[in-house]
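Visitor: You'll find upload.csv just under this line, and it carries CSV, C-alpha atoms.
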chain,number,residue,atom,x,y,z
K,1,MET,CA,-31.2,-10.1,-9.5
K,2,ILE,CA,-29.2,-13.1,-8.3
K,3,LEU,CA,-30.1,-12.4,-4.7
K,4,ILE,CA,-33.8,-12.0,-5.6
K,5,ALA,CA,-33.8,-15.4,-7.4
K,6,TYR,CA,-32.0,-17.2,-4.6
K,7,ALA,CA,-34.1,-15.5,-1.9
K,8,GLY,CA,-37.3,-16.7,-3.6
K,9,LEU,CA,-35.9,-20.2,-3.8
K,10,VAL,CA,-34.8,-20.2,-0.2
K,11,PHE,CA,-38.2,-19.0,0.8
K,12,ALA,CA,-39.8,-21.8,-1.1
K,13,ALA,CA,-37.5,-24.4,0.4
K,14,MET,CA,-38.1,-23.1,3.9
K,15,ALA,CA,-41.8,-23.2,3.4
K,16,ALA,CA,-41.5,-26.8,2.2
K,17,ILE,CA,-39.4,-27.7,5.2
K,18,TYR,CA,-41.9,-26.1,7.5
K,19,ARG,CA,-44.7,-28.1,5.9
K,20,LEU,CA,-42.5,-31.2,6.0
K,21,VAL,CA,-42.0,-30.9,9.8
K,22,THR,CA,-45.5,-29.8,10.8
K,23,GLY,CA,-47.7,-31.4,8.1
K,24,PRO,CA,-50.9,-32.9,9.5
K,25,THR,CA,-51.0,-35.7,7.0
K,26,ILE,CA,-48.5,-37.8,5.2
K,27,ALA,CA,-49.6,-36.4,1.8
K,28,ASP,CA,-48.6,-32.9,3.0
K,29,ARG,CA,-45.2,-34.1,3.9
K,30,VAL,CA,-44.8,-35.8,0.5
K,31,ILE,CA,-45.9,-32.8,-1.5
K,32,ALA,CA,-43.5,-30.7,0.7
K,33,LEU,CA,-40.6,-33.0,-0.3
K,34,ASP,CA,-41.7,-32.7,-3.9
K,35,LEU,CA,-41.7,-28.9,-3.7
K,36,LEU,CA,-38.3,-29.0,-2.0
K,37,LEU,CA,-36.9,-31.1,-4.9
K,38,VAL,CA,-38.4,-28.8,-7.5
K,39,SER,CA,-36.9,-25.7,-5.7
K,40,LEU,CA,-33.6,-27.5,-5.7
K,41,MET,CA,-33.9,-28.1,-9.5
K,42,THR,CA,-34.8,-24.5,-10.1
K,43,ALA,CA,-31.8,-23.5,-8.0
K,44,ILE,CA,-29.6,-25.6,-10.2
K,45,VAL,CA,-31.0,-23.9,-13.3
K,46,VAL,CA,-30.4,-20.5,-11.7
K,47,ASP,CA,-26.8,-21.5,-10.9
K,48,ALA,CA,-26.3,-22.6,-14.5
K,49,VAL,CA,-27.6,-19.2,-15.7
K,50,VAL,CA,-25.4,-17.2,-13.3
K,51,THR,CA,-22.2,-19.0,-13.8
K,52,GLY,CA,-22.7,-19.8,-17.5
K,53,ASP,CA,-21.7,-23.4,-16.8
K,54,ALA,CA,-24.1,-26.1,-18.0
K,55,VAL,CA,-22.4,-29.2,-16.4
K,56,LEU,CA,-24.9,-29.4,-13.5
K,57,LEU,CA,-27.9,-29.7,-15.8
K,58,ASN,CA,-27.3,-33.4,-16.1
K,59,LEU,CA,-28.5,-33.8,-12.5
K,60,LEU,CA,-32.0,-32.5,-13.3
K,61,VAL,CA,-33.4,-35.7,-14.9
K,62,VAL,CA,-32.0,-37.8,-12.1
K,63,ILE,CA,-33.6,-35.5,-9.4
K,64,ALA,CA,-37.0,-35.5,-11.2
K,65,ILE,CA,-37.1,-39.3,-11.5
K,66,ILE,CA,-36.0,-39.9,-8.0
K,67,GLY,CA,-38.7,-37.5,-6.7
K,68,PHE,CA,-41.3,-39.3,-8.8
K,69,THR,CA,-40.2,-42.6,-7.5
K,70,ALA,CA,-40.3,-41.5,-3.8
K,71,THR,CA,-43.8,-40.0,-4.2
K,72,VAL,CA,-45.2,-43.1,-5.9
K,73,ALA,CA,-43.7,-45.3,-3.2
K,74,VAL,CA,-45.2,-43.3,-0.3
K,75,ALA,CA,-48.6,-43.1,-2.1
K,76,ARG,CA,-48.7,-46.9,-2.5
K,77,PHE,CA,-47.7,-47.2,1.2
K,78,MET,CA,-50.6,-44.9,2.2
K,79,GLU,CA,-53.0,-46.9,0.0
K,80,ARG,CA,-52.2,-50.4,1.0
K,81,PRO,CA,-54.9,-52.5,2.6
K,82,ARG,CA,-55.1,-52.8,6.3
M,1,MET,CA,-15.7,-23.7,-13.4
M,2,ILE,CA,-14.0,-24.0,-10.0
M,3,ALA,CA,-15.6,-22.9,-6.8
M,4,ALA,CA,-13.8,-19.6,-6.3
M,5,GLN,CA,-14.9,-18.4,-9.7
M,6,ARG,CA,-18.5,-19.6,-9.0
M,7,ILE,CA,-18.6,-17.6,-5.7
M,8,THR,CA,-17.2,-14.6,-7.5
M,9,ALA,CA,-19.9,-14.9,-10.1
M,10,LEU,CA,-22.5,-15.2,-7.4
M,11,THR,CA,-21.4,-12.1,-5.5
M,12,ALA,CA,-20.0,-9.7,-8.1
M,13,GLN,CA,-22.2,-10.7,-11.0
M,14,THR,CA,-19.3,-11.0,-13.4
M,15,VAL,CA,-21.3,-12.9,-16.0
M,16,ALA,CA,-23.6,-10.7,-18.0
M,17,VAL,CA,-27.0,-12.3,-18.4
M,18,HIS,CA,-29.5,-11.3,-21.0
M,19,PRO,CA,-32.5,-9.4,-19.5
M,20,VAL,CA,-35.0,-11.7,-21.2
M,21,SER,CA,-33.4,-14.7,-19.6
M,22,TRP,CA,-33.5,-13.0,-16.2
M,23,ALA,CA,-37.2,-12.2,-16.8
M,24,PHE,CA,-38.0,-15.8,-17.4
M,25,VAL,CA,-35.9,-17.1,-14.5
M,26,LEU,CA,-37.4,-14.6,-12.1
M,27,GLY,CA,-40.9,-15.5,-13.4
M,28,GLY,CA,-40.2,-19.1,-12.6
M,29,VAL,CA,-39.0,-18.2,-9.1
M,30,ALA,CA,-42.1,-16.1,-8.6
M,31,VAL,CA,-44.3,-19.0,-9.5
M,32,ILE,CA,-42.5,-21.3,-7.1
M,33,VAL,CA,-42.8,-18.7,-4.4
M,34,LEU,CA,-46.6,-18.6,-5.0
M,35,ALA,CA,-46.6,-22.4,-4.7
M,36,ALA,CA,-44.8,-22.2,-1.4
M,37,VAL,CA,-47.2,-19.6,-0.1
M,38,GLY,CA,-50.1,-21.8,-1.1
M,39,LEU,CA,-48.4,-24.7,0.7
M,40,LEU,CA,-48.1,-22.6,3.8
M,41,LYS,CA,-51.4,-20.8,4.0
M,42,LEU,CA,-54.1,-23.1,2.6
M,43,LYS,CA,-56.3,-24.9,5.0
M,44,THR,CA,-57.1,-28.4,3.7
M,45,PRO,CA,-54.6,-31.0,2.4
M,46,TYR,CA,-56.4,-31.2,-0.9
M,47,ALA,CA,-55.9,-27.4,-1.4
M,48,ARG,CA,-52.2,-27.6,-0.4
M,49,ILE,CA,-51.5,-30.4,-2.8
M,50,HIS,CA,-53.4,-28.6,-5.5
M,51,ALA,CA,-51.3,-25.5,-5.0
M,52,ALA,CA,-47.9,-27.1,-4.7
M,53,GLY,CA,-48.2,-30.0,-7.1
M,54,LYS,CA,-49.5,-28.1,-10.1
M,55,ALA,CA,-47.5,-24.9,-9.9
M,56,SER,CA,-44.1,-26.5,-9.4
M,57,PRO,CA,-43.6,-28.0,-12.9
M,58,VAL,CA,-44.8,-24.7,-14.4
M,59,ALA,CA,-42.2,-22.9,-12.4
M,60,PHE,CA,-39.4,-25.2,-13.5
M,61,LEU,CA,-40.6,-24.9,-17.1
M,62,ILE,CA,-40.5,-21.1,-17.1
M,63,ALA,CA,-37.1,-21.0,-15.4
M,64,SER,CA,-35.7,-23.5,-17.9
M,65,VAL,CA,-37.0,-21.4,-20.8
M,66,GLY,CA,-34.9,-18.5,-19.4
M,67,ALA,CA,-31.9,-20.8,-19.0
M,68,SER,CA,-32.2,-22.1,-22.5
M,69,ILE,CA,-32.2,-18.5,-23.9
M,70,GLU,CA,-29.0,-17.8,-21.9
M,71,LEU,CA,-27.0,-21.1,-22.3
M,72,GLY,CA,-27.6,-22.1,-25.9
M,73,TRP,CA,-28.7,-25.3,-27.7
M,74,ALA,CA,-26.6,-27.9,-25.9
M,75,ALA,CA,-27.9,-26.9,-22.5
M,76,GLY,CA,-31.3,-26.3,-23.9
M,77,ALA,CA,-31.6,-29.9,-25.0
M,78,ARG,CA,-30.8,-31.1,-21.5
M,79,LEU,CA,-33.3,-28.7,-20.1
M,80,VAL,CA,-35.9,-30.0,-22.5
M,81,VAL,CA,-35.3,-33.6,-21.4
M,82,ALA,CA,-35.4,-32.5,-17.7
M,83,SER,CA,-38.7,-30.6,-18.3
M,84,ALA,CA,-40.2,-33.5,-20.1
M,85,ALA,CA,-39.3,-35.8,-17.3
M,86,LEU,CA,-40.8,-33.5,-14.7
M,87,ILE,CA,-44.0,-32.7,-16.7
M,88,ILE,CA,-44.7,-36.4,-17.4
M,89,THR,CA,-44.0,-37.6,-13.9
M,90,LEU,CA,-45.1,-34.9,-11.5
M,91,PRO,CA,-48.9,-34.8,-12.4
M,92,LEU,CA,-48.9,-38.6,-12.2
M,93,ALA,CA,-47.4,-38.5,-8.7
M,94,VAL,CA,-49.8,-35.8,-7.6
M,95,HIS,CA,-52.7,-37.9,-8.9
M,96,LEU,CA,-51.6,-40.9,-7.0
M,97,LEU,CA,-51.1,-38.8,-3.9
M,98,PHE,CA,-54.7,-37.4,-4.2
M,99,ARG,CA,-56.0,-40.9,-4.6
M,100,ALA,CA,-54.1,-42.2,-1.6
M,101,LEU,CA,-55.2,-39.1,0.5
M,102,HIS,CA,-58.8,-39.7,-0.5
M,103,GLY,CA,-58.6,-43.2,0.8
M,104,THR,CA,-57.1,-42.2,4.1
M,105,ARG,CA,-59.1,-41.0,7.0
M,106,ALA,CA,-57.6,-38.4,9.3
M,107,ALA,CA,-58.0,-40.6,12.3
M,108,ASP,CA,-55.6,-43.3,11.1
M,109,ASP,CA,-53.3,-41.1,9.0
M,110,PRO,CA,-50.2,-43.1,9.8
M,111,PRO,CA,-51.8,-46.2,8.2
M,112,VAL,CA,-50.0,-48.8,10.2
M,113,ASP,CA,-49.3,-47.5,13.8
M,114,GLU,CA,-47.5,-50.4,15.4
M,115,LEU,CA,-46.9,-48.5,18.6
M,116,ARG,CA,-50.5,-47.5,19.3
M,117,GLU,CA,-52.1,-51.0,19.3
M,118,GLY,CA,-50.9,-53.9,21.2
M,119,HIS,CA,-47.5,-52.5,22.3
M,120,GLY,CA,-45.6,-55.2,20.6
M,121,SER,CA,-47.8,-58.1,21.8
M,122,ARG,CA,-49.5,-58.3,18.5
M,123,PRO,CA,-48.7,-61.5,16.5
M,124,VAL,CA,-46.7,-60.5,13.5
So that I can check it, write out the structure of this file as structure tokens.
Guide:
Amino acid sequence: MILIAYAGLVFAAMAAIYRLVTGPTIADRVIALDLLLVSLMTAIVVDAVVTGDAVLLNLLVVIAIIGFTATVAVARFMERPR
Amino acid sequence: MIAAQRITALTAQTVAVHPVSWAFVLGGVAVIVLAAVGLLKLKTPYARIHAAGKASPVAFLIASVGASIELGWAAGARLVVASAALIITLPLAVHLLFRALHGTRAADDPPVDELREGHGSRPV
């Protein structure tokens, strides 16, 4: 069970890294970073379930808001007039 | 919990987890795997952003429901706050990304390419 959950998350992270490296557009890279962060958050949740320790759950809000800020910054960078 | 106990719990499954909790967690992992497959296999950038950006908060929500069942009210409150932050912010970010992608042509995808034109001779 634990191995299935972590294998799925590692697959998602590897797919996101592949799309981050070879993405044709900037938007692909940004959404790959977003999926990487969400898979990291889900891995933190799985870790909390497995160990029964809820202390790492405080990180989730921080990661969510940092990912949102990064995406908005890159979107404004893509959209600026030239 | 110290690191040795954490590794022991990872390898030997010393902590008994409720099967309903496992079902929700594995459902969330399955949704994020589908999002990753969509990010890998779809052809256009619009389809890829559609696949990854809309499935990922759902995946986190399902996994956090399972974790709330396992961990109790105090952890569930933190998971509710994290899920609310993700569900409010991620569709907004995906909308901005769609908008920026729609305004960007493929030819000038890096919007400012300072190495391609002028080779540094351009007045800044």
Visitor: Quick one: distance from atom CA of Val29 of chain M to atom CA of Ala54 of chain K in Å, one decimal?
Guide: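 Separation of atom CA of Val29 of chain M and atom CA of Ala54 of chain K: 19.1 Å.
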Visitor: When distances are computed from all atoms listed in the file, which of M:Ala36, M:Val58, M:Ile87, M:Ala51 shows the smallest separation from chain K?
Guide: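 Nearest to chain K: M:Ala36.
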Visitor: Based on all atoms listed in the file, which of the residues in chain M come within 7 Å of chain K? I want them as a count of residues only.
Guide: 39
Visitor: Just give me the gap between atom CA of Val25 of chain M and atom CA of Gly66 of chain M in Å, one decimal is fine.
Guide: 5.2 Å
Visitor: Quick one: pull the distance between atom CA of Val37 of chain M and atom CA of Val94 of chain M, Å, one decimal.
Guide: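 So the two atoms, atom CA of Val37 of chain M and atom CA of Val94 of chain M, lie 18.0 Å apart.
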